[in-house]
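Novice: What follows is protein28.cif, made up of mmCIF, C-alpha atoms:
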data_protein
#
loop_
_atom_site.label_atom_id
_atom_site.label_comp_id
_atom_site.auth_asym_id
_atom_site.auth_seq_id
_atom_site.Cartn_x
_atom_site.Cartn_y
_atom_site.Cartn_z
CA MET A 1 0.00 0.00 0.00
CA GLN A 2 1.22 3.50 -0.84
CA PHE A 3 -0.51 6.87 -0.92
CA THR A 4 0.22 10.61 -0.68
CA MET A 5 -2.04 13.24 0.86
CA ASN A 6 -2.06 16.67 2.44
CA VAL A 7 -0.83 16.67 6.07
CA SER A 8 -3.65 18.90 7.34
CA ASP A 9 -6.24 16.64 5.69
CA LEU A 10 -4.67 13.58 7.35
CA LEU A 11 -4.56 15.26 10.75
CA GLY A 12 -8.16 16.49 10.43
CA GLY A 13 -9.32 12.97 9.64
CA LEU A 14 -7.34 11.44 12.52
CA ASN A 15 -8.64 14.03 15.00
CA THR A 16 -12.17 13.09 13.96
CA VAL A 17 -11.99 9.29 13.98
CA THR A 18 -9.81 8.87 17.08
CA ARG A 19 -12.70 10.25 19.16
CA ALA A 20 -14.08 6.70 18.96
CA LEU A 21 -11.02 5.13 20.61
CA ALA A 22 -11.77 3.51 23.95
CA ALA A 23 -9.63 4.18 27.02
CA ARG A 24 -9.44 0.44 27.70
CA PRO A 25 -10.20 -1.41 24.45
CA ALA A 26 -11.40 -5.02 24.58
CA LYS A 27 -8.97 -5.98 21.78
CA GLN A 28 -5.50 -4.66 21.03
CA VAL A 29 -6.43 -4.02 17.41
CA LEU A 30 -9.05 -1.49 18.61
CA GLU A 31 -6.20 0.71 19.87
CA GLY A 32 -5.43 1.41 16.23
CA VAL A 33 -6.82 3.30 13.27
CA LEU A 34 -7.79 1.25 10.23
CA ILE A 35 -6.45 2.77 7.02
CA ASN A 36 -8.01 1.68 3.73
CA ALA A 37 -6.51 3.13 0.55
CA GLU A 38 -8.57 2.56 -2.57
CA GLY A 39 -9.45 4.50 -5.71
CA ASP A 40 -8.74 8.17 -5.13
CA CYS A 41 -9.35 8.28 -1.37
CA VAL A 42 -8.17 6.95 1.96
CA THR A 43 -10.74 5.92 4.58
CA LEU A 44 -9.77 6.16 8.26
CA THR A 45 -11.75 4.14 10.82
CA CYS A 46 -11.68 3.93 14.62
CA SER A 47 -14.03 1.96 16.87
CA ASP A 48 -14.56 1.01 20.51
CA GLY A 49 -16.85 -1.87 19.59
CA SER A 50 -20.11 0.07 19.90
CA LEU A 51 -19.19 3.47 18.39
CA THR A 52 -17.42 3.62 15.02
CA ILE A 53 -16.29 6.77 13.20
CA GLN A 54 -15.08 6.85 9.59
CA SER A 55 -13.59 9.71 7.60
CA GLU A 56 -12.84 9.74 3.85
CA ILE A 57 -9.93 11.83 2.58
CA THR A 58 -8.92 12.54 -1.00
CA ALA A 59 -5.48 11.08 -1.73
CA ASP A 60 -3.12 10.03 -4.52
CA VAL A 61 -3.26 6.24 -4.09
CA ARG A 62 -0.36 4.51 -5.86
CA GLU A 63 -0.97 1.06 -4.36
CA PRO A 64 -4.27 0.12 -2.70
CA GLY A 65 -4.27 -1.76 0.58
CA ARG A 66 -5.32 -1.86 4.24
CA VAL A 67 -3.41 -1.64 7.53
CA VAL A 68 -4.00 -0.81 11.20
CA LEU A 69 -1.60 1.71 12.78
CA PRO A 70 -1.43 2.71 16.49
CA GLY A 71 -4.15 5.38 16.79
CA LYS A 72 -2.72 7.72 19.42
CA LEU A 73 0.91 7.50 18.31
CA PHE A 74 0.08 7.93 14.63
CA THR A 75 -2.06 10.99 15.44
CA GLU A 76 0.72 12.55 17.53
CA LEU A 77 3.20 11.97 14.70
CA ALA A 78 0.80 13.56 12.20
CA ARG A 79 0.33 16.54 14.52
CA ARG A 80 4.08 17.18 14.46
CA LEU A 81 4.72 16.73 10.73
CA PRO A 82 6.35 19.78 9.10
CA GLY A 83 3.49 20.33 6.63
CA GLY A 84 2.86 19.99 2.93
CA GLU A 85 2.31 16.43 1.74
CA VAL A 86 3.01 13.13 3.44
CA THR A 87 3.67 9.79 1.75
CA ILE A 88 2.87 6.56 3.59
CA LYS A 89 4.04 3.20 2.29
CA VAL A 90 3.20 -0.11 3.97
CA GLY A 91 5.11 -3.34 3.31
CA ASP A 92 4.15 -6.99 3.66
CA ASN A 93 5.04 -6.99 7.37
CA HIS A 94 2.45 -4.23 8.12
CA ALA A 95 5.22 -1.71 8.91
CA ALA A 96 4.52 1.82 7.66
CA SER A 97 7.16 4.13 6.25
CA ILE A 98 6.17 7.78 6.72
CA ARG A 99 7.88 10.49 4.66
CA CYS A 100 7.19 14.23 4.86
CA MET A 101 9.74 16.74 3.55
CA SER A 102 12.91 15.98 5.57
CA PHE A 103 11.01 13.88 8.16
CA ARG A 104 11.33 10.07 8.13
CA SER A 105 9.67 7.56 10.42
CA ASN A 106 8.82 3.86 10.54
CA LEU A 107 5.78 2.65 12.45
CA SER A 108 4.81 -0.93 13.24
CA GLY A 109 1.27 -1.83 12.23
CA MET A 110 -1.19 -4.70 12.55
CA ASP A 111 -3.07 -6.91 10.09
CA ALA A 112 -6.28 -5.19 8.93
CA GLN A 113 -8.04 -8.57 8.72
CA ASP A 114 -8.22 -8.58 12.52
CA TYR A 115 -10.14 -5.29 12.60
CA PRO A 116 -13.94 -5.70 13.10
CA GLU A 117 -16.23 -4.58 10.29
CA MET A 118 -18.22 -1.38 10.82
CA ALA A 119 -21.89 -2.15 11.49
CA ARG A 120 -23.71 -0.55 8.57
CA VAL A 121 -27.36 0.43 8.69
CA GLU A 122 -28.60 -0.61 5.27
CA GLU A 123 -32.33 -0.10 5.83
CA GLY A 124 -34.41 1.96 8.22
CA THR A 125 -35.82 5.44 8.66
CA THR A 126 -33.90 8.38 7.22
CA LEU A 127 -33.94 11.90 8.69
CA GLN A 128 -32.12 14.99 7.52
CA LEU A 129 -31.42 17.89 9.89
CA PRO A 130 -29.20 20.98 9.46
CA GLN A 131 -25.81 20.28 11.04
CA ASN A 132 -25.67 23.60 12.88
CA ARG A 133 -29.14 23.23 14.38
CA LEU A 134 -28.65 19.60 15.43
CA ARG A 135 -25.24 20.48 16.85
CA GLU A 136 -26.77 23.31 18.90
CA MET A 137 -29.64 21.14 20.14
CA ILE A 138 -27.27 18.42 21.31
CA SER A 139 -24.91 20.87 23.03
CA ARG A 140 -27.81 22.34 25.02
CA VAL A 141 -29.05 19.04 26.47
CA VAL A 142 -25.95 16.86 26.99
CA PHE A 143 -25.23 18.37 30.41
CA ALA A 144 -28.42 16.74 31.72
CA ILE A 145 -27.55 13.23 30.52
CA ALA A 146 -26.91 10.89 33.44
CA THR A 147 -23.42 9.47 34.02
CA ASP A 148 -24.48 6.84 36.56
CA GLU A 149 -24.33 3.47 34.77
CA SER A 150 -26.78 1.93 37.27
CA ARG A 151 -29.60 3.48 35.19
CA GLN A 152 -28.11 2.90 31.77
CA ILE A 153 -31.10 4.13 29.77
CA LEU A 154 -30.61 7.60 31.28
CA THR A 155 -27.01 7.70 30.02
CA GLY A 156 -28.59 8.23 26.62
CA CYS A 157 -30.53 11.06 25.00
CA LEU A 158 -34.11 10.40 23.93
CA MET A 159 -34.83 11.47 20.36
CA GLU A 160 -38.51 11.83 19.51
CA VAL A 161 -39.51 12.60 15.94
CA SER A 162 -43.04 13.37 14.76
CA PRO A 163 -44.08 14.55 11.28
CA GLU A 164 -43.74 18.19 12.39
CA GLU A 165 -41.04 18.17 15.08
CA CYS A 166 -37.76 16.68 16.31
CA ARG A 167 -37.25 16.70 20.07
CA LEU A 168 -34.18 15.85 22.19
CA VAL A 169 -34.70 14.98 25.86
CA ALA A 170 -32.07 14.41 28.56
CA LEU A 171 -32.72 13.65 32.21
CA ASP A 172 -30.44 12.67 35.11
CA GLY A 173 -32.81 12.67 38.08
CA PHE A 174 -31.99 16.27 39.09
CA ARG A 175 -32.45 18.11 35.81
CA LEU A 176 -34.49 17.72 32.63
CA ALA A 177 -33.55 19.37 29.33
CA ILE A 178 -35.70 19.52 26.19
CA GLN A 179 -34.80 21.07 22.83
CA LYS A 180 -37.21 21.22 19.89
CA LEU A 181 -36.81 21.75 16.15
CA GLN A 182 -39.89 22.51 14.06
CA GLN A 183 -39.43 20.78 10.71
CA HIS A 184 -41.42 18.51 8.41
CA PHE A 185 -40.40 14.85 8.33
CA ASP A 186 -41.74 12.04 6.13
CA LEU A 187 -42.13 9.19 8.58
CA PRO A 188 -43.33 5.60 8.10
CA GLU A 189 -45.18 5.84 11.43
CA GLU A 190 -46.74 8.50 13.64
CA GLN A 191 -43.72 8.91 15.94
CA LEU A 192 -40.16 7.61 16.19
CA ARG A 193 -38.47 7.15 19.56
CA MET A 194 -34.85 6.08 20.00
CA VAL A 195 -32.29 6.49 22.78
CA VAL A 196 -28.83 7.50 21.53
CA PRO A 197 -25.86 6.99 23.90
CA GLY A 198 -24.81 10.31 25.42
CA ARG A 199 -21.19 9.86 24.37
CA VAL A 200 -22.24 9.43 20.74
CA PHE A 201 -24.23 12.66 20.62
CA ASN A 202 -21.45 14.44 22.49
CA GLU A 203 -18.87 13.41 19.90
CA MET A 204 -21.23 14.25 17.03
CA SER A 205 -21.73 17.80 18.31
CA ARG A 206 -17.96 18.30 18.40
CA ILE A 207 -17.39 16.93 14.89
CA MET A 208 -20.29 18.51 12.97
CA ALA A 209 -19.72 21.78 11.18
CA ASP A 210 -21.46 25.04 12.08
CA GLU A 211 -23.28 25.18 8.74
CA GLU A 212 -26.68 24.38 7.29
CA GLU A 213 -25.45 21.39 5.27
CA PRO A 214 -27.58 18.41 6.32
CA CYS A 215 -26.68 15.61 8.66
CA THR A 216 -28.34 12.41 7.44
CA LEU A 217 -29.48 10.06 10.19
CA LEU A 218 -30.45 6.47 9.39
CA PHE A 219 -32.10 4.43 12.15
CA ASN A 220 -33.19 0.86 12.57
CA LYS A 221 -34.25 -0.90 15.77
CA THR A 222 -30.71 -1.43 17.06
CA HIS A 223 -28.36 1.03 15.33
CA MET A 224 -28.01 4.64 14.22
CA GLN A 225 -25.83 5.84 11.36
CA ALA A 226 -25.01 9.54 10.90
CA THR A 227 -23.42 10.93 7.73
CA PHE A 228 -22.21 14.52 7.42
CA GLY A 229 -19.47 15.96 5.26
CA ASN A 230 -16.84 13.28 4.71
CA THR A 231 -17.62 11.61 8.05
CA ARG A 232 -19.77 8.57 8.82
CA LEU A 233 -20.57 7.55 12.39
CA SER A 234 -22.27 4.33 13.48
CA SER A 235 -23.47 3.38 16.96
CA VAL A 236 -25.68 0.94 18.78
CA LEU A 237 -28.82 2.38 20.35
CA LEU A 238 -29.65 1.91 24.03
CA VAL A 239 -32.31 -0.69 24.73
CA GLY A 240 -35.04 -0.09 27.30
CA GLU A 241 -38.01 2.12 28.13
CA TYR A 242 -37.11 5.76 28.69
CA ILE A 243 -38.84 7.57 31.56
CA ASP A 244 -42.17 9.18 30.64
CA TYR A 245 -40.84 12.69 31.14
CA ARG A 246 -44.19 14.29 30.32
CA LYS A 247 -45.55 13.09 33.65
CA ILE A 248 -42.81 15.04 35.42
CA LEU A 249 -43.76 18.39 33.86
CA PRO A 250 -46.15 20.45 36.04
CA PRO A 251 -49.42 21.29 34.23
CA SER A 252 -49.69 24.76 35.81
CA PHE A 253 -47.81 27.19 38.06
CA LYS A 254 -48.56 29.46 41.00
CA THR A 255 -45.58 31.78 40.51
CA THR A 256 -43.98 33.04 37.30
CA ALA A 257 -40.97 35.37 37.16
CA LYS A 258 -39.39 37.04 34.13
CA ALA A 259 -35.88 38.47 34.32
CA ASN A 260 -32.90 39.43 32.20
CA ARG A 261 -31.03 36.23 31.45
CA GLU A 262 -27.54 37.74 31.40
CA SER A 263 -28.09 39.49 34.74
CA VAL A 264 -29.32 36.28 36.35
CA GLN A 265 -26.43 34.27 34.90
CA ASN A 266 -23.80 36.74 36.10
CA ALA A 267 -25.35 36.93 39.58
CA ILE A 268 -25.42 33.12 39.83
CA ASP A 269 -21.77 32.92 38.72
CA ARG A 270 -20.78 35.37 41.45
CA ALA A 271 -22.89 33.65 44.11
CA SER A 272 -21.41 30.28 43.09
CA LEU A 273 -17.97 31.44 44.20
CA MET A 274 -19.17 31.61 47.78
CA ALA A 275 -21.53 28.62 47.47
CA ARG A 276 -18.57 26.37 46.59
CA GLU A 277 -17.01 27.26 49.93
CA GLY A 278 -20.10 26.08 51.80
CA LYS A 279 -21.06 22.56 52.78
CA ASN A 280 -23.97 22.17 50.36
CA ASN A 281 -23.05 24.36 47.35
CA LEU A 282 -26.40 26.13 47.66
CA ILE A 283 -27.76 29.26 45.99
CA ARG A 284 -30.95 30.86 47.34
CA MET A 285 -33.38 32.83 45.20
CA SER A 286 -36.10 35.08 46.61
CA PHE A 287 -38.90 36.51 44.45
CA ARG A 288 -40.80 39.47 45.98
CA ASN A 289 -42.26 42.78 44.85
CA ASP A 290 -40.95 42.55 41.28
CA GLN A 291 -37.47 41.88 42.60
CA LEU A 292 -35.19 38.85 42.48
CA SER A 293 -32.57 38.37 45.21
CA ILE A 294 -29.79 35.82 44.69
CA SER A 295 -27.66 34.90 47.69
CA SER A 296 -25.23 32.34 49.03
CA ASN A 297 -23.28 31.99 52.25
CA ALA A 298 -20.48 29.99 53.81
CA GLU A 299 -18.30 30.16 56.89
CA MET A 300 -15.97 32.50 55.00
CA GLY A 301 -18.66 35.04 54.10
CA ASP A 302 -21.81 35.68 52.07
CA VAL A 303 -23.06 37.17 48.80
CA LEU A 304 -26.31 39.01 48.04
CA GLU A 305 -27.38 40.52 44.71
CA GLU A 306 -30.71 42.08 43.73
CA MET A 307 -32.22 42.77 40.31
CA PRO A 308 -35.61 43.63 38.82
CA ALA A 309 -37.96 40.80 37.85
CA GLU A 310 -41.55 40.74 36.66
CA LEU A 311 -43.46 38.60 39.16
CA GLU A 312 -46.88 37.07 38.67
CA GLY A 313 -48.42 35.09 41.51
CA GLU A 314 -47.23 34.34 45.02
CA PRO A 315 -43.85 35.42 46.51
CA LEU A 316 -41.38 32.56 46.81
CA ASP A 317 -38.09 31.59 48.47
CA ILE A 318 -36.29 28.64 46.90
CA ALA A 319 -32.79 27.06 46.91
CA PHE A 320 -30.83 25.18 44.24
CA ASN A 321 -27.58 23.32 43.86
CA ALA A 322 -25.32 26.00 42.36
CA ARG A 323 -23.98 23.77 39.58
CA TYR A 324 -27.40 22.51 38.50
CA ILE A 325 -28.99 25.94 38.16
CA SER A 326 -25.84 27.37 36.55
CA ASP A 327 -25.77 24.61 33.89
CA VAL A 328 -29.34 25.42 32.91
CA ILE A 329 -28.98 29.22 32.71
CA ARG A 330 -25.73 28.88 30.75
CA ASN A 331 -27.57 27.02 27.97
CA ILE A 332 -30.13 29.76 27.39
CA THR A 333 -29.36 32.38 24.74
CA ASP A 334 -32.55 34.50 24.90
CA ASP A 335 -32.23 38.02 26.33
CA SER A 336 -34.94 37.28 28.88
CA MET A 337 -35.93 34.10 30.69
CA CYS A 338 -39.06 32.85 32.39
CA MET A 339 -38.94 30.79 35.61
CA CYS A 340 -42.07 28.99 36.79
CA PHE A 341 -42.75 27.58 40.28
CA ASN A 342 -45.42 25.97 42.44
CA SER A 343 -43.59 25.78 45.78
CA ALA A 344 -40.13 25.83 47.36
CA VAL A 345 -39.92 22.02 47.13
CA SER A 346 -41.45 21.37 43.68
CA PRO A 347 -39.58 21.51 40.36
CA CYS A 348 -38.70 24.83 38.74
CA VAL A 349 -39.35 25.09 35.00
CA VAL A 350 -37.32 27.47 32.84
CA ARG A 351 -38.80 28.24 29.42
CA PRO A 352 -38.78 31.00 26.77
CA GLU A 353 -40.90 34.06 27.30
CA GLU A 354 -42.52 33.22 23.96
CA GLY A 355 -42.71 29.89 22.12
CA ASP A 356 -41.57 26.46 23.29
CA GLN A 357 -38.22 25.91 21.55
CA TYR A 358 -36.69 24.69 24.81
CA LEU A 359 -37.64 23.74 28.34
CA TYR A 360 -35.53 23.00 31.40
CA LEU A 361 -36.62 21.57 34.74
CA ILE A 362 -34.53 21.68 37.93
CA LEU A 363 -35.25 20.08 41.28
CA PRO A 364 -34.77 22.48 44.20
CA VAL A 365 -32.97 21.66 47.44
CA ARG A 366 -35.13 21.46 50.54
CA VAL A 367 -33.78 23.95 53.09
CA PHE A 368 -34.73 23.84 56.77
CA GLN A 369 -34.69 27.31 58.31
#
Could you quickly redo this structure as structure tokens?

Specialist:
Amino acid sequence: MQFTMNVSDLLGGLNTVTRALAARPAKQVLEGVLINAEGDCVTLTCSDGSLTIQSEITADVREPGRVVLPGKLFTELARRLPGGEVTIKVGDNHAASIRCMSFRSNLSGMDAQDYPEMARVEEGTTLQLPQNRLREMISRVVFAIATDESRQILTGCLMEVSPEECRLVALDGFRLAIQKLQQHFDLPEEQLRMVVPGRVFNEMSRIMADEEEPCTLLFNKTHMQATFGNTRLSSVLLVGEYIDYRKILPPSFKTTAKANRESVQNAIDRASLMAREGKNNLIRMSFRNDQLSISSNAEMGDVLEEMPAELEGEPLDIAFNARYISDVIRNITDDSMCMCFNSAVSPCVVRPEEGDQYLYLILPVRVFQ
């Protein structure tokens, strides 16, 4: 096998596919990147057994072939190449000769026959969403995906698709995040529901471009395949019944407060500095007389900040874990925000002042005076 390609193209492809490498792979061959040179392109592949990422790169292929090279080491070498074009030649013993300007290196490889085949989704339901919008939706819900493996279904993100809407839902037992995209979809059934592993969506959001070019998703009952640009990603779906999150959402509220989102976020950030010094990392919020007070205290001191807020309903004092409330506010981009309550011990819902593009729910912390 022998091919020549641009160094930046090689590095870009390696940075993309090596996101699928596992920290502790089940097989030694999964520590590597599969290189397949054929026609006028080179395909790079990495997998951890459940997530596989492929990237196709245009190249001058002199001799077609396949080899597996050490993923991390090969990527670090590529990162330090002087630039221009690189030529890689692989002999019968799977050893790669790497040449770039005055740089020379030899790298031991492995037989590509030992590398598992990528699970391809040949048939299923196809969806197309703008990369930038899907990327934004994912980035605004992943913080609420559970990390506790004891409830594995919650380590995934629920994707619900109806003929008029795509909805992403994440829930970890303390927070709920929902993002919606209004778009027409041709579906074979009334609604699709699938649970995508959180890590998969996280990696997708980092790889996808900030442009309107579509990301094509292909689903069957067990797998999802995503294609965007020159990248293809394949993953198993999580099996199980996701929590009926609609039953968690309060049907009505006794107190509603509207405030400037940036002012609230900055005040929470400042109060968090003191909250972290306390035992419980708590931030208190008090809504009274069209005013919002945000405070925190610890043995080392206290913080209090006041700002205007439009209040409808009953006055309220409530407390939150500083990190949980901060994660939610940080993922809102509207100039103003609307917080809805029923009591100091029932969930708080954060939603837009107009429309329903997103919704966040946070459980408060019960505080004994």

Novice: I would like the residues chosen by the PyMOL selection byres ((chain A and resi 364) around 12) on the shown file; could you give them as an MDAnalysis selection string?

Specialist: chainID A and resid 173:175 282:285 317:325 341:349 361:363 365:367

Novice: With distances taken over all atoms listed in the file, which residue among A:Ala209, A:Leu249, A:Ala309, A:Ala257 lies nearest Asp290 in chain A?

Specialist: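 Closest residue, counting all atoms listed in the file: A:Ala309.
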
Novice: Residue by residue, what does the PyMOL selection byres ((chain A and resi 352) around 10) grab here? Present the result as a compact mmCIF listing (two decimals) with C-alpha atoms, keeping the file's coordinate frame.

Specialist:
# COMPACT_ATOMS: atom_id res chain seq x y z
CA LYS A 258 -39.39 37.04 34.13
CA ILE A 332 -30.13 29.76 27.39
CA THR A 333 -29.36 32.38 24.74
CA ASP A 334 -32.55 34.50 24.90
CA ASP A 335 -32.23 38.02 26.33
CA SER A 336 -34.94 37.28 28.88
CA MET A 337 -35.93 34.10 30.69
CA CYS A 338 -39.06 32.85 32.39
CA MET A 339 -38.94 30.79 35.61
CA VAL A 350 -37.32 27.47 32.84
CA ARG A 351 -38.80 28.24 29.42
CA GLU A 353 -40.90 34.06 27.30
CA GLU A 354 -42.52 33.22 23.96
CA GLY A 355 -42.71 29.89 22.12
CA ASP A 356 -41.57 26.46 23.29
CA GLN A 357 -38.22 25.91 21.55
CA TYR A 358 -36.69 24.69 24.81
CA LEU A 359 -37.64 23.74 28.34
CA TYR A 360 -35.53 23.00 31.40

Novice: Given the file above and the PyMOL selection byres ((chain A and resi 211-216) around 8), which residues are selected, and can you give them as a PyMOL selection string?

Specialist: chain A and resi 126-133+209-210+217-218+226-229

Novice: Hey, can you check how far CA of Asp60 in chain A sits from CA of Lys72 in chain A?

Specialist: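 That distance, rounded to one decimal, is 24.1 Å.
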
Novice: Measuring between all atoms listed in the file, which one of A:Ser252, A:Asp114, A:Arg99, A:Leu238 shows the shortest distance to Met159 in chain A?

Specialist: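 For Met159 in chain A, the nearest of the candidates is A:Leu238.
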